[in-house]
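Colleague: For reference, this is query_2.cif, and it has mmCIF, C-alpha atoms.
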```cif
data_protein
loop_
_atom_site.label_atom_id
_atom_site.label_comp_id
_atom_site.auth_asym_id
_atom_site.auth_seq_id
_atom_site.Cartn_x
_atom_site.Cartn_y
_atom_site.Cartn_z
CA MET A 1 17.35 2.33 -13.31
CA LYS A 2 15.62 -0.98 -13.22
CA ILE A 3 12.09 -1.85 -14.22
CA SER A 4 10.75 -5.01 -12.64
CA ARG A 5 8.66 -6.99 -15.02
CA ASN A 6 7.15 -10.46 -15.08
CA ILE A 7 5.42 -9.97 -11.79
CA SER A 8 2.20 -11.87 -11.59
CA PHE A 9 -0.56 -9.34 -11.25
CA GLY A 10 -3.10 -10.30 -8.66
CA GLN A 11 -3.16 -13.38 -6.49
CA TYR A 12 -6.66 -14.67 -7.07
CA ILE A 13 -7.00 -18.41 -7.61
CA PRO A 14 -10.45 -19.38 -8.90
CA ARG A 15 -12.13 -22.36 -7.23
CA ASP A 16 -15.69 -23.27 -6.45
CA SER A 17 -15.70 -23.35 -2.66
CA LEU A 18 -17.73 -22.02 0.23
CA ILE A 19 -15.14 -19.33 0.90
CA HIS A 20 -14.91 -18.27 -2.75
CA ASN A 21 -18.65 -17.88 -3.02
CA LEU A 22 -19.04 -15.71 0.06
CA ASP A 23 -20.04 -12.09 -0.42
CA PRO A 24 -16.87 -9.93 -0.67
CA ARG A 25 -18.27 -7.55 1.97
CA VAL A 26 -18.55 -10.40 4.45
CA LYS A 27 -15.02 -11.51 3.65
CA ILE A 28 -13.52 -8.03 4.04
CA LEU A 29 -15.33 -7.40 7.32
CA SER A 30 -14.42 -10.82 8.72
CA CYS A 31 -10.82 -10.15 7.79
CA LEU A 32 -10.88 -6.80 9.60
CA VAL A 33 -12.49 -8.34 12.68
CA MET A 34 -9.79 -11.03 12.74
CA ILE A 35 -7.05 -8.39 12.45
CA ILE A 36 -8.49 -6.34 15.31
CA SER A 37 -8.73 -9.36 17.58
CA LEU A 38 -5.15 -10.37 16.65
CA PHE A 39 -3.97 -7.13 18.18
CA LEU A 40 -6.18 -7.52 21.26
CA ILE A 41 -5.06 -11.03 22.10
CA THR A 42 -1.93 -11.31 24.23
CA GLN A 43 -1.74 -15.02 24.97
CA PHE A 44 -0.48 -17.96 23.02
CA TRP A 45 -3.73 -19.96 23.21
CA GLY A 46 -5.73 -17.17 21.62
CA TYR A 47 -3.38 -17.16 18.64
CA LEU A 48 -3.59 -20.91 18.40
CA ILE A 49 -7.39 -20.75 18.15
CA LEU A 50 -7.35 -18.02 15.51
CA CYS A 51 -4.61 -19.85 13.60
CA SER A 52 -6.58 -23.08 13.48
CA PHE A 53 -9.69 -21.13 12.48
CA THR A 54 -7.76 -19.63 9.57
CA LEU A 55 -6.21 -22.96 8.62
CA GLY A 56 -9.73 -24.41 8.61
CA GLY A 57 -10.69 -21.65 6.20
CA ILE A 58 -7.77 -22.52 3.96
CA ILE A 59 -8.80 -26.19 3.88
CA ILE A 60 -12.41 -25.28 3.02
CA SER A 61 -11.23 -22.91 0.30
CA GLN A 62 -9.58 -25.85 -1.56
CA ILE A 63 -6.52 -23.73 -2.27
CA HIS A 64 -3.25 -25.61 -2.28
CA PRO A 65 -1.19 -24.58 0.79
CA LYS A 66 1.76 -23.98 -1.53
CA PHE A 67 0.19 -20.71 -2.71
CA ILE A 68 -0.29 -19.51 0.85
CA PHE A 69 3.29 -20.29 1.75
CA GLN A 70 4.55 -18.51 -1.34
CA GLY A 71 2.96 -15.41 0.12
CA LEU A 72 4.53 -16.01 3.51
CA ARG A 73 7.99 -15.97 1.94
CA ASN A 74 7.63 -12.19 1.58
CA ILE A 75 7.27 -11.67 5.28
CA LEU A 76 9.63 -14.45 6.45
CA PHE A 77 12.58 -12.08 6.68
CA ILE A 78 10.81 -9.63 8.97
CA ILE A 79 9.47 -12.45 11.16
CA ILE A 80 12.93 -13.95 11.65
CA PHE A 81 14.37 -10.49 12.22
CA THR A 82 11.81 -9.71 14.92
CA LEU A 83 12.43 -13.03 16.59
CA ILE A 84 16.19 -12.41 16.69
CA ILE A 85 15.85 -8.85 18.02
CA HIS A 86 13.55 -9.98 20.80
CA LEU A 87 15.55 -13.11 21.55
CA PHE A 88 18.86 -11.38 22.13
CA MET A 89 17.92 -7.86 23.12
CA THR A 90 15.39 -8.32 25.90
CA GLU A 91 16.54 -8.09 29.49
CA GLY A 92 15.33 -10.77 31.88
CA GLU A 93 15.91 -14.26 33.18
CA VAL A 94 18.82 -15.77 31.23
CA LEU A 95 18.09 -19.15 29.66
CA TYR A 96 21.19 -19.65 27.58
CA GLN A 97 24.36 -17.66 27.09
CA VAL A 98 27.16 -17.70 24.53
CA SER A 99 29.80 -15.06 25.38
CA PHE A 100 27.98 -11.70 25.10
CA LEU A 101 24.85 -13.09 23.41
CA LYS A 102 22.20 -14.21 25.85
CA ILE A 103 18.73 -15.58 25.30
CA THR A 104 16.21 -14.54 27.92
CA LYS A 105 12.92 -16.13 28.85
CA GLU A 106 10.98 -12.88 28.33
CA GLY A 107 12.67 -12.36 24.98
CA LEU A 108 11.80 -15.84 23.80
CA ILE A 109 8.13 -15.50 24.80
CA ASN A 110 7.74 -11.99 23.37
CA GLY A 111 9.53 -12.86 20.15
CA LEU A 112 7.48 -15.99 19.57
CA LEU A 113 4.18 -14.23 20.30
CA ILE A 114 4.86 -11.32 17.96
CA SER A 115 6.11 -13.59 15.16
CA PHE A 116 3.06 -15.78 15.59
CA ARG A 117 0.81 -12.73 15.38
CA LEU A 118 2.46 -11.56 12.15
CA PHE A 119 2.23 -15.06 10.73
CA ILE A 120 -1.54 -15.25 11.31
CA LEU A 121 -2.01 -11.68 10.07
CA ILE A 122 -0.50 -12.56 6.71
CA LEU A 123 -2.27 -15.93 6.61
CA VAL A 124 -5.71 -14.34 7.06
CA THR A 125 -5.18 -11.62 4.51
CA TYR A 126 -3.73 -14.00 1.98
CA LEU A 127 -6.82 -16.12 2.32
CA LEU A 128 -8.84 -13.01 1.42
CA THR A 129 -6.93 -12.06 -1.72
CA LEU A 130 -6.47 -15.66 -2.88
CA THR A 131 -10.18 -16.42 -2.72
CA THR A 132 -11.61 -13.11 -3.95
CA SER A 133 -11.02 -11.61 -7.37
CA PRO A 134 -9.81 -8.00 -7.51
CA ILE A 135 -13.06 -7.03 -9.22
CA SER A 136 -15.33 -8.41 -6.54
CA LEU A 137 -13.08 -6.92 -3.85
CA THR A 138 -13.48 -3.55 -5.56
CA ASP A 139 -17.25 -4.06 -5.56
CA GLY A 140 -17.11 -4.99 -1.90
CA ILE A 141 -15.07 -1.90 -1.01
CA GLU A 142 -17.47 0.29 -2.98
CA ARG A 143 -20.50 -1.06 -1.17
CA LEU A 144 -18.84 -0.86 2.24
CA LEU A 145 -17.69 2.70 1.62
CA SER A 146 -21.17 3.73 0.54
CA PHE A 147 -22.24 3.39 4.19
CA PHE A 148 -20.08 6.45 4.79
CA ARG A 149 -21.58 8.50 1.98
CA PHE A 150 -23.18 10.81 4.52
CA MET A 151 -19.66 11.87 5.48
CA GLY A 152 -19.04 12.90 1.89
CA ILE A 153 -16.97 9.87 0.92
CA PRO A 154 -17.37 9.38 -2.84
CA ALA A 155 -17.74 5.58 -2.79
CA HIS A 156 -18.68 5.07 -6.43
CA GLU A 157 -16.00 7.48 -7.64
CA ILE A 158 -13.34 5.68 -5.60
CA ALA A 159 -14.25 2.33 -7.15
CA MET A 160 -14.30 3.92 -10.61
CA MET A 161 -10.89 5.52 -10.07
CA MET A 162 -9.48 2.18 -8.90
CA THR A 163 -10.60 0.62 -12.17
CA ILE A 164 -9.10 3.48 -14.18
CA ALA A 165 -5.82 3.31 -12.26
CA LEU A 166 -5.73 -0.42 -12.90
CA ARG A 167 -5.97 0.22 -16.60
CA PHE A 168 -3.23 2.90 -16.47
CA ILE A 169 -0.58 0.77 -14.74
CA PRO A 170 0.53 -1.45 -17.65
CA THR A 171 0.40 1.48 -20.10
CA LEU A 172 2.54 3.63 -17.83
CA LEU A 173 5.07 0.84 -17.27
CA GLU A 174 5.44 0.33 -20.99
CA GLU A 175 5.75 4.05 -21.58
CA THR A 176 8.42 4.43 -18.89
CA GLU A 177 10.48 1.73 -20.55
CA LYS A 178 10.15 3.37 -23.96
CA ILE A 179 11.17 6.81 -22.68
CA MET A 180 14.08 5.32 -20.79
CA LYS A 181 15.42 3.58 -23.88
CA ALA A 182 14.91 6.70 -25.97
CA GLN A 183 16.81 8.85 -23.49
CA ILE A 184 19.61 6.31 -23.06
CA SER A 185 20.07 6.25 -26.82
CA ARG A 186 20.50 10.02 -26.61
CA GLY A 187 23.20 9.60 -23.98
CA ALA A 188 21.21 9.89 -20.75
CA ASP A 189 22.83 8.22 -17.76
CA PHE A 190 20.58 7.02 -14.95
CA ASP A 191 23.02 4.92 -12.99
CA SER A 192 25.99 7.02 -11.95
CA GLY A 193 26.97 10.29 -10.35
CA ASN A 194 26.38 11.83 -6.95
CA ILE A 195 23.02 12.38 -5.30
CA PHE A 196 22.31 15.67 -7.08
CA GLU A 197 23.23 14.30 -10.50
CA ARG A 198 21.04 11.28 -9.95
CA ALA A 199 18.08 13.36 -8.85
CA LYS A 200 18.55 15.45 -11.96
CA SER A 201 18.88 12.37 -14.18
CA LEU A 202 15.31 11.44 -13.23
CA ILE A 203 14.00 14.59 -14.84
CA PRO A 204 14.48 13.64 -18.52
CA LEU A 205 12.64 10.44 -17.67
CA LEU A 206 9.78 11.79 -15.61
CA ILE A 207 8.91 14.99 -17.46
CA PRO A 208 8.04 13.21 -20.74
CA LEU A 209 6.30 10.50 -18.73
CA PHE A 210 4.11 13.09 -17.01
CA VAL A 211 3.39 15.06 -20.15
CA ASN A 212 2.30 11.88 -21.97
CA ALA A 213 0.32 10.68 -18.98
CA PHE A 214 -1.54 13.98 -18.61
CA ARG A 215 -2.48 13.77 -22.27
CA ARG A 216 -3.80 10.26 -21.75
CA ALA A 217 -5.79 11.30 -18.70
CA ASP A 218 -7.31 14.14 -20.70
CA GLU A 219 -8.21 11.86 -23.60
CA LEU A 220 -9.85 9.42 -21.23
CA ALA A 221 -11.83 12.20 -19.55
CA ILE A 222 -13.08 13.36 -22.95
CA ALA A 223 -13.96 9.78 -23.92
CA MET A 224 -15.92 9.35 -20.69
CA GLU A 225 -17.73 12.63 -21.17
CA ALA A 226 -18.55 11.71 -24.76
CA ARG A 227 -20.22 8.54 -23.45
CA CYS A 228 -22.22 10.60 -20.95
CA TYR A 229 -20.58 9.29 -17.78
CA ARG A 230 -22.18 11.18 -14.92
CA GLY A 231 -21.12 9.50 -11.72
CA GLY A 232 -22.70 6.96 -9.45
CA GLU A 233 -26.20 8.35 -8.95
CA GLY A 234 -28.85 6.01 -10.29
CA ARG A 235 -26.25 3.77 -11.87
CA THR A 236 -27.01 0.05 -11.94
CA ASN A 237 -24.50 -2.77 -11.64
CA TYR A 238 -23.86 -5.74 -13.87
CA ARG A 239 -22.90 -7.77 -10.84
CA GLU A 240 -25.34 -7.42 -7.96
CA LEU A 241 -24.04 -8.36 -4.54
CA LYS A 242 -26.46 -10.37 -2.47
CA ILE A 243 -26.17 -11.46 1.16
CA ARG A 244 -27.28 -15.07 1.52
CA LYS A 245 -27.78 -17.38 4.46
CA THR A 246 -24.24 -18.81 4.29
CA ASP A 247 -22.85 -15.26 4.39
CA ILE A 248 -24.75 -14.45 7.56
CA LEU A 249 -23.81 -17.74 9.19
CA THR A 250 -20.11 -17.42 8.34
CA PHE A 251 -19.98 -13.84 9.52
CA ALA A 252 -21.76 -14.68 12.78
CA PHE A 253 -19.38 -17.59 13.33
CA THR A 254 -16.31 -15.40 12.75
CA ILE A 255 -17.64 -12.71 15.08
CA ILE A 256 -18.34 -15.23 17.84
CA ILE A 257 -14.93 -16.91 17.55
CA THR A 258 -12.96 -13.67 17.50
CA PHE A 259 -15.06 -12.05 20.24
CA VAL A 260 -14.74 -14.99 22.59
CA THR A 261 -10.99 -15.42 22.01
CA SER A 262 -10.39 -11.66 22.41
CA ILE A 263 -12.17 -11.65 25.75
CA MET A 264 -10.71 -14.89 27.09
CA PHE A 265 -7.11 -14.29 26.10
CA MET B 1 -15.33 17.21 -0.14
CA SER B 2 -16.51 19.08 -3.20
CA LYS B 3 -17.78 17.04 -6.12
CA ILE B 4 -15.00 15.81 -8.38
CA ASN B 5 -15.41 16.20 -12.11
CA ILE B 6 -14.35 13.66 -14.71
CA ARG B 7 -11.05 15.31 -15.59
CA GLN B 8 -10.06 15.41 -11.94
CA MET B 9 -11.09 11.78 -11.60
CA THR B 10 -8.79 10.65 -14.39
CA LEU B 11 -5.95 12.76 -12.97
CA ILE B 12 -6.38 11.26 -9.51
CA SER B 13 -6.40 7.75 -11.01
CA LEU B 14 -3.29 8.66 -12.96
CA PHE B 15 -1.37 9.59 -9.83
CA ALA B 16 -2.56 6.44 -8.08
CA ALA B 17 -1.31 4.40 -11.02
CA LEU B 18 1.99 6.31 -11.07
CA THR B 19 2.55 5.61 -7.37
CA ALA B 20 1.94 1.94 -8.12
CA VAL B 21 4.33 2.08 -11.09
CA GLY B 22 6.86 3.70 -8.73
CA ALA B 23 7.02 0.41 -6.85
CA PHE B 24 8.22 -1.28 -10.03
CA LEU B 25 10.95 1.25 -10.76
CA SER B 26 14.11 1.14 -8.71
CA LEU B 27 17.39 3.02 -8.83
CA PRO B 28 20.47 1.06 -7.76
CA LEU B 29 21.72 2.96 -4.73
CA GLN B 30 23.69 2.05 -1.62
CA PRO B 31 22.74 0.56 0.82
CA VAL B 32 19.26 -0.38 -0.45
CA PRO B 33 17.84 0.11 -3.94
CA LEU B 34 15.59 3.12 -4.11
CA SER B 35 12.02 2.73 -5.31
CA LEU B 36 10.21 5.74 -6.66
CA GLN B 37 6.84 5.45 -4.84
CA THR B 38 7.21 8.35 -2.43
CA LEU B 39 8.38 10.55 -5.28
CA PHE B 40 4.94 10.19 -6.80
CA THR B 41 3.29 10.60 -3.40
CA LEU B 42 5.00 13.97 -3.01
CA LEU B 43 4.15 14.93 -6.57
CA ALA B 44 0.50 13.96 -6.05
CA GLY B 45 0.29 16.34 -3.11
CA MET B 46 2.20 19.08 -4.89
CA MET B 47 0.25 18.96 -8.13
CA LEU B 48 -3.25 17.82 -7.17
CA GLY B 49 -3.61 19.65 -3.86
CA SER B 50 -4.68 18.32 -0.48
CA ALA B 51 -7.97 16.45 -0.86
CA ARG B 52 -7.35 15.12 -4.36
CA GLY B 53 -3.73 14.25 -3.63
CA ALA B 54 -4.79 12.27 -0.57
CA LEU B 55 -7.55 10.58 -2.56
CA SER B 56 -5.02 9.43 -5.15
CA GLN B 57 -3.02 7.77 -2.37
CA VAL B 58 -6.18 6.19 -0.94
CA ILE B 59 -6.81 4.65 -4.36
CA TYR B 60 -3.21 3.43 -4.46
CA VAL B 61 -3.58 1.76 -1.06
CA PHE B 62 -6.87 0.15 -2.15
CA LEU B 63 -5.14 -1.24 -5.26
CA GLY B 64 -2.76 -3.03 -2.94
CA VAL B 65 -5.61 -4.15 -0.69
CA ILE B 66 -7.41 -5.88 -3.56
CA GLY B 67 -4.31 -7.98 -4.18
CA LEU B 68 -2.18 -6.16 -6.75
CA PRO B 69 1.53 -6.27 -5.91
CA VAL B 70 1.93 -2.50 -5.73
CA PHE B 71 3.34 -2.10 -2.22
CA ALA B 72 7.11 -1.95 -1.69
CA GLY B 73 8.76 -5.28 -2.47
CA PHE B 74 5.74 -6.33 -4.58
CA LYS B 75 3.68 -7.12 -1.51
CA ALA B 76 -0.09 -6.89 -1.48
CA GLY B 77 -3.07 -7.47 0.74
CA ILE B 78 -4.80 -5.83 3.63
CA GLY B 79 -2.35 -7.50 6.04
CA ILE B 80 0.52 -5.30 4.85
CA LEU B 81 -1.53 -2.27 5.86
CA PHE B 82 -1.75 -3.53 9.44
CA GLY B 83 1.67 -5.21 9.41
CA PRO B 84 5.02 -3.73 10.41
CA SER B 85 5.48 -1.52 7.34
CA GLY B 86 1.84 -0.40 7.09
CA GLY B 87 2.48 2.90 8.86
CA PHE B 88 4.36 4.13 5.83
CA LEU B 89 1.28 3.50 3.68
CA TRP B 90 -0.99 5.47 6.05
CA GLY B 91 1.78 8.05 5.93
CA PHE B 92 1.47 8.35 2.13
CA ILE B 93 -2.14 9.48 2.47
CA ILE B 94 -1.47 12.02 5.23
CA CYS B 95 1.70 13.17 3.48
CA ALA B 96 -0.09 13.90 0.19
CA PHE B 97 -2.80 15.77 2.08
CA LEU B 98 -0.43 17.98 4.08
CA VAL B 99 1.91 18.59 1.15
CA GLY B 100 -1.13 19.64 -0.86
CA LYS B 101 -2.29 21.95 1.94
CA MET B 102 1.12 23.60 2.13
CA MET B 103 1.17 24.12 -1.64
CA GLU B 104 -2.30 25.60 -1.90
CA GLY B 105 -2.37 29.34 -2.37
CA LYS B 106 1.33 29.41 -3.19
CA ARG B 107 1.69 30.87 -6.65
CA GLY B 108 5.44 31.42 -6.70
CA GLU B 109 7.89 28.97 -8.19
CA ASN B 110 10.32 28.94 -5.33
CA ILE B 111 12.17 25.65 -5.53
CA PHE B 112 13.43 25.92 -1.95
CA TYR B 113 9.88 26.16 -0.71
CA TYR B 114 9.04 23.01 -2.70
CA PHE B 115 12.03 21.29 -1.12
CA LEU B 116 10.91 22.31 2.36
CA VAL B 117 7.37 21.07 1.70
CA GLY B 118 8.72 17.76 0.41
CA LEU B 119 10.92 17.43 3.47
CA MET B 120 7.96 17.98 5.81
CA GLY B 121 5.93 15.43 3.87
CA THR B 122 8.69 12.83 4.10
CA ILE B 123 9.04 13.45 7.83
CA ILE B 124 5.31 12.78 8.25
CA ILE B 125 5.68 9.45 6.44
CA TYR B 126 8.60 8.64 8.74
CA ILE B 127 6.70 9.48 11.92
CA LEU B 128 3.71 7.30 11.09
CA GLY B 129 5.88 4.53 9.63
CA ILE B 130 8.18 4.35 12.64
CA ALA B 131 5.28 4.50 15.11
CA GLN B 132 3.58 1.47 13.56
CA LEU B 133 6.85 -0.39 13.01
CA SER B 134 7.81 -0.14 16.65
CA LEU B 135 4.28 -0.90 17.88
CA VAL B 136 3.68 -3.96 15.69
CA LEU B 137 7.12 -5.47 16.17
CA GLY B 138 7.25 -4.46 19.83
CA ILE B 139 10.70 -2.92 19.45
CA GLY B 140 12.03 0.42 20.66
CA ILE B 141 11.80 3.63 18.65
CA ARG B 142 15.55 3.76 18.20
CA ARG B 143 15.71 0.29 16.65
CA ALA B 144 12.71 1.05 14.49
CA ILE B 145 14.49 4.11 13.14
CA ALA B 146 17.59 2.04 12.44
CA ILE B 147 15.68 -0.38 10.20
CA GLY B 148 12.90 1.91 8.96
CA ILE B 149 14.62 5.21 8.15
CA LEU B 150 18.41 5.07 8.03
CA PRO B 151 18.75 2.74 5.02
CA PHE B 152 16.37 4.92 3.00
CA LEU B 153 17.49 8.38 4.09
CA LEU B 154 19.77 9.20 1.15
CA GLY B 155 17.26 7.97 -1.42
CA ASP B 156 14.45 9.97 0.16
CA ILE B 157 16.46 13.19 0.02
CA LEU B 158 17.15 12.46 -3.64
CA LYS B 159 13.44 12.03 -4.25
CA ILE B 160 12.58 15.31 -2.53
CA ILE B 161 15.07 17.14 -4.76
CA ALA B 162 13.69 15.44 -7.88
CA ALA B 163 10.10 16.21 -6.84
CA SER B 164 10.94 19.91 -6.38
CA PHE B 165 12.50 20.15 -9.85
CA ILE B 166 9.63 18.31 -11.51
CA THR B 167 6.95 20.34 -9.76
CA ARG B 168 8.58 23.58 -10.90
CA LYS B 169 8.55 22.35 -14.49
CA LEU B 170 5.05 20.84 -14.52
CA LYS B 171 2.96 23.10 -12.30
CA SER B 172 2.09 25.33 -15.22
CA ILE B 173 0.99 22.40 -17.42
CA ILE B 174 -1.51 20.98 -14.96
CA GLU B 175 -3.14 24.29 -14.03
#
```
Take the structure in the file and give it back as structure tokens.
Modeller:
Amino acid sequence: MKISRNISFGQYIPRDSLIHNLDPRVKILSCLVMIISLFLITQFWGYLILCSFTLGGIIISQIHPKFIFQGLRNILFIIIFTLIIHLFMTEGEVLYQVSFLKITKEGLINGLLISFRLFILILVTYLLTLTTSPISLTDGIERLLSFFRFMGIPAHEIAMMMTIALRFIPTLLEETEKIMKAQISRGADFDSGNIFERAKSLIPLLIPLFVNAFRRADELAIAMEARCYRGGEGRTNYRELKIRKTDILTFAFTIIITFVTSIMF
Amino acid sequence: MSKINIRQMTLISLFAALTAVGAFLSLPLQPVPLSLQTLFTLLAGMMLGSARGALSQVIYVFLGVIGLPVFAGFKAGIGILFGPSGGFLWGFIICAFLVGKMMEGKRGENIFYYFLVGLMGTIIIYILGIAQLSLVLGIGIRRAIAIGILPFLLGDILKIIAASFITRKLKSIIE
């Protein structure tokens, strides 16, 4: 059993730029609009326009491209993999052939288009998480979800639970490590045996973890009740989100660009 | 959805956090290391029930969306949700809901029934995951299964077994 540690939590890089100062709601919606149009576009030129639009955003955001490309490393494998599958496995007009491997024209075009689409997809969403702090994204999600309150979606509760979950993660990681060490010192073996033995070896780890975690959840619930927490109704915020002129302009600009490219290409 | 009280809220958050922690825990297994996320997805459905189980997975997905590296392979961001492997994340939510539905009203402690429920849940994750994988990458279903299911099959069965055992032990504590 391995616990991965030393992972940087969150990707936000604080700067004082136009993109950073946009309302999180505008940023989330723009991002969604871009994603939708990415899947509507089927031609190379459309991708090129959206890609340059995103690159423009990156330049305005004053974030060093190195951070963006660090994020792309994650998806590099799948992009190359897709390219290879399409390159060699599509039937069509043969461009180049080495024994049984052949590269077809259709394969090359399809592979490049799909890789390009994935590349922009990750670029756009990285721009969002690099320029917006997790807290303001949570605020943004809460406010966007509250449009759907009439459907019974508990917007405030969801944001609250995200914050609580956030606080639980490091505690739970630490606790898992402690329990693991304690059980190993008592002779527990997590790393060998057949599938049944391994499934069973998880039990001495997870049962104490759950029992402790339930206790914590209970304590937190009591603490919240003791402080008279009563949900989102009539609750005010420390940070108020305000839509300003730049927000409206940026959003309108994004909509126009994506709409026009989606229709043209 | 009925109003959730504070105790339920903290429990839902707990399962969201556990699913996230599951991404950090991995068992060395051939051919790919096994992460424990879906174990907690199944347990969320089994212990919290349909609506609350699904809500815990929604919270988990949102944690990834706001930039925390809680998706498989420490990925994060809204792009992963719409990328090749995003179908599995949608699957988590549906899986927890359906697993919860199948558990509701079942009082017995039949471990084989738990196993069956877990199996159905995992199959739902597979269906959604494979559908999006093949759509986004533009590859055939068969190839999508080869990269999206086969390497993980053994580990997923192991997780279903573990989830059944744990549910039998813990169901009485949470109720």
Colleague: Would you kindly identify which residues have an atom no farther than 10 Å from (-12.7, -3.0, -9.8), using all atoms listed in the file and the file's own coordinates, and write them out as a ChimeraX atom specification?
Modeller: /A:133-142,158-166 /B:63,66
Colleague: Name the residues in contact with Phe265 (chain A) at a cut-off of 8 Å, using only C-alpha atoms, excluding same-chain residues fewer than 4 positions from it; report them as a ChimeraX atom specification.
Modeller: /A:41-43,45-46,261
Colleague: Please find the residues of chain B near chain A - the criterion being any atom within 8 Å, counting all atoms listed in the file - and write them as number ranges by chain.
Modeller: B: 1, 6-7, 9-14, 16-18, 20-21, 24-28, 59-60, 62-63, 66-69, 75, 77-80, 82-83, 136-139, 154, 158-159, 161-162, 165-166, 169-170, 174
Colleague: Would you kindly return, as a PyMOL selection string, each protein, DNA or RNA residue with an atom no farther than 6 Å from any atom of region 110-126 of chain B, considering all atoms listed in the file and excluding same-chain residues fewer than 4 positions away?
Modeller: chain B and resi 88+91+95+99+130+160+164
Colleague: Write the residues of the selection above to a file with C-alpha atoms, as a PDB file, in the frame of the given file.
Modeller:
```pdb
ATOM      1  CA  PHE B  88       4.360   4.130   5.830  1.00  0.00           C
ATOM      2  CA  GLY B  91       1.780   8.050   5.930  1.00  0.00           C
ATOM      3  CA  CYS B  95       1.700  13.170   3.480  1.00  0.00           C
ATOM      4  CA  VAL B  99       1.910  18.590   1.150  1.00  0.00           C
ATOM      5  CA  ILE B 130       8.180   4.350  12.640  1.00  0.00           C
ATOM      6  CA  ILE B 160      12.580  15.310  -2.530  1.00  0.00           C
ATOM      7  CA  SER B 164      10.940  19.910  -6.380  1.00  0.00           C
TER       8      SER B 164
END
```
Colleague: For Asp16 (chain A), which residue out of A:Thr236, A:Ser61, A:Thr104, A:Ser262 is the nearest one, using only C-alpha atoms?
Modeller: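 Among A:Thr236, A:Ser61, A:Thr104, A:Ser262, it is A:Ser61 that comes nearest to Asp16 (chain A).
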Colleague: Please report the interatomic distance between CA of Val33 (chain A) and CA of Thr258 (chain A) in Å with one decimal.
Modeller: 7.2 Å
Colleague: Got a sec to resolve the PyMOL selection byres ((chain B and resi 47) around 12) on this structure and send the residues as a PyMOL selection string?
Modeller: (chain A and resi 210+214) or (chain B and resi 8+11-12+14-15+40-46+48-54+56+96-97+99-104+106+114+163-164+166-175)
Colleague: Could you write out the selected residues, including C-alpha atoms, as a compact mmCIF listing (two decimals), in the frame of the given file?
Modeller:
```txt
# COMPACT_ATOMS: atom_id res chain seq x y z
CA PHE A 210 4.11 13.09 -17.01
CA PHE A 214 -1.54 13.98 -18.61
CA GLN B 8 -10.06 15.41 -11.94
CA LEU B 11 -5.95 12.76 -12.97
CA ILE B 12 -6.38 11.26 -9.51
CA LEU B 14 -3.29 8.66 -12.96
CA PHE B 15 -1.37 9.59 -9.83
CA PHE B 40 4.94 10.19 -6.80
CA THR B 41 3.29 10.60 -3.40
CA LEU B 42 5.00 13.97 -3.01
CA LEU B 43 4.15 14.93 -6.57
CA ALA B 44 0.50 13.96 -6.05
CA GLY B 45 0.29 16.34 -3.11
CA MET B 46 2.20 19.08 -4.89
CA LEU B 48 -3.25 17.82 -7.17
CA GLY B 49 -3.61 19.65 -3.86
CA SER B 50 -4.68 18.32 -0.48
CA ALA B 51 -7.97 16.45 -0.86
CA ARG B 52 -7.35 15.12 -4.36
CA GLY B 53 -3.73 14.25 -3.63
CA ALA B 54 -4.79 12.27 -0.57
CA SER B 56 -5.02 9.43 -5.15
CA ALA B 96 -0.09 13.90 0.19
CA PHE B 97 -2.80 15.77 2.08
CA VAL B 99 1.91 18.59 1.15
CA GLY B 100 -1.13 19.64 -0.86
CA LYS B 101 -2.29 21.95 1.94
CA MET B 102 1.12 23.60 2.13
CA MET B 103 1.17 24.12 -1.64
CA GLU B 104 -2.30 25.60 -1.90
CA LYS B 106 1.33 29.41 -3.19
CA TYR B 114 9.04 23.01 -2.70
CA ALA B 163 10.10 16.21 -6.84
CA SER B 164 10.94 19.91 -6.38
CA ILE B 166 9.63 18.31 -11.51
CA THR B 167 6.95 20.34 -9.76
CA ARG B 168 8.58 23.58 -10.90
CA LYS B 169 8.55 22.35 -14.49
CA LEU B 170 5.05 20.84 -14.52
CA LYS B 171 2.96 23.10 -12.30
CA SER B 172 2.09 25.33 -15.22
CA ILE B 173 0.99 22.40 -17.42
CA ILE B 174 -1.51 20.98 -14.96
CA GLU B 175 -3.14 24.29 -14.03
```
Colleague: Distance CA of Ala144 (chain B)-CA of Leu48 (chain A), one decimal place?
Modeller: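 It comes out at 27.6 Å.
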Colleague: Between CA of Lys242 (chain A) and CA of His20 (chain A), what is the distance, to one decimal in Å?
Modeller: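 Interatomic distance, CA of Lys242 (chain A) to CA of His20 (chain A): 14.0 Å.
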Colleague: Using the chain letters and residue numbers of this document, give as a list of chain:residue names the residues selected by the PyMOL selection byres ((chain A and resi 244-257) around 7).
Modeller: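 With the shown file as input, the PyMOL selection byres ((chain A and resi 244-257) around 7) matches A:Leu22, A:Asp23, A:Val26, A:Ser30, A:Lys242, A:Ile243, A:Thr258, A:Phe259, A:Val260, A:Thr261.
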Colleague: Could you tell me which of A:Glu240, A:Leu113, A:Glu175, A:Ile63 comes closest to Tyr47 (chain A) if we count all atoms listed in the file?
Modeller: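 Of the candidates, the smallest distance to Tyr47 (chain A) is held by A:Leu113.
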Colleague: Can you spell out as a VMD selection string the set of residues that the PyMOL selection byres ((chain B and resi 129) around 9) selects in the structure I just provided?
Modeller: chain B and resid 84 to 91 124 to 128 130 to 134 148 to 149
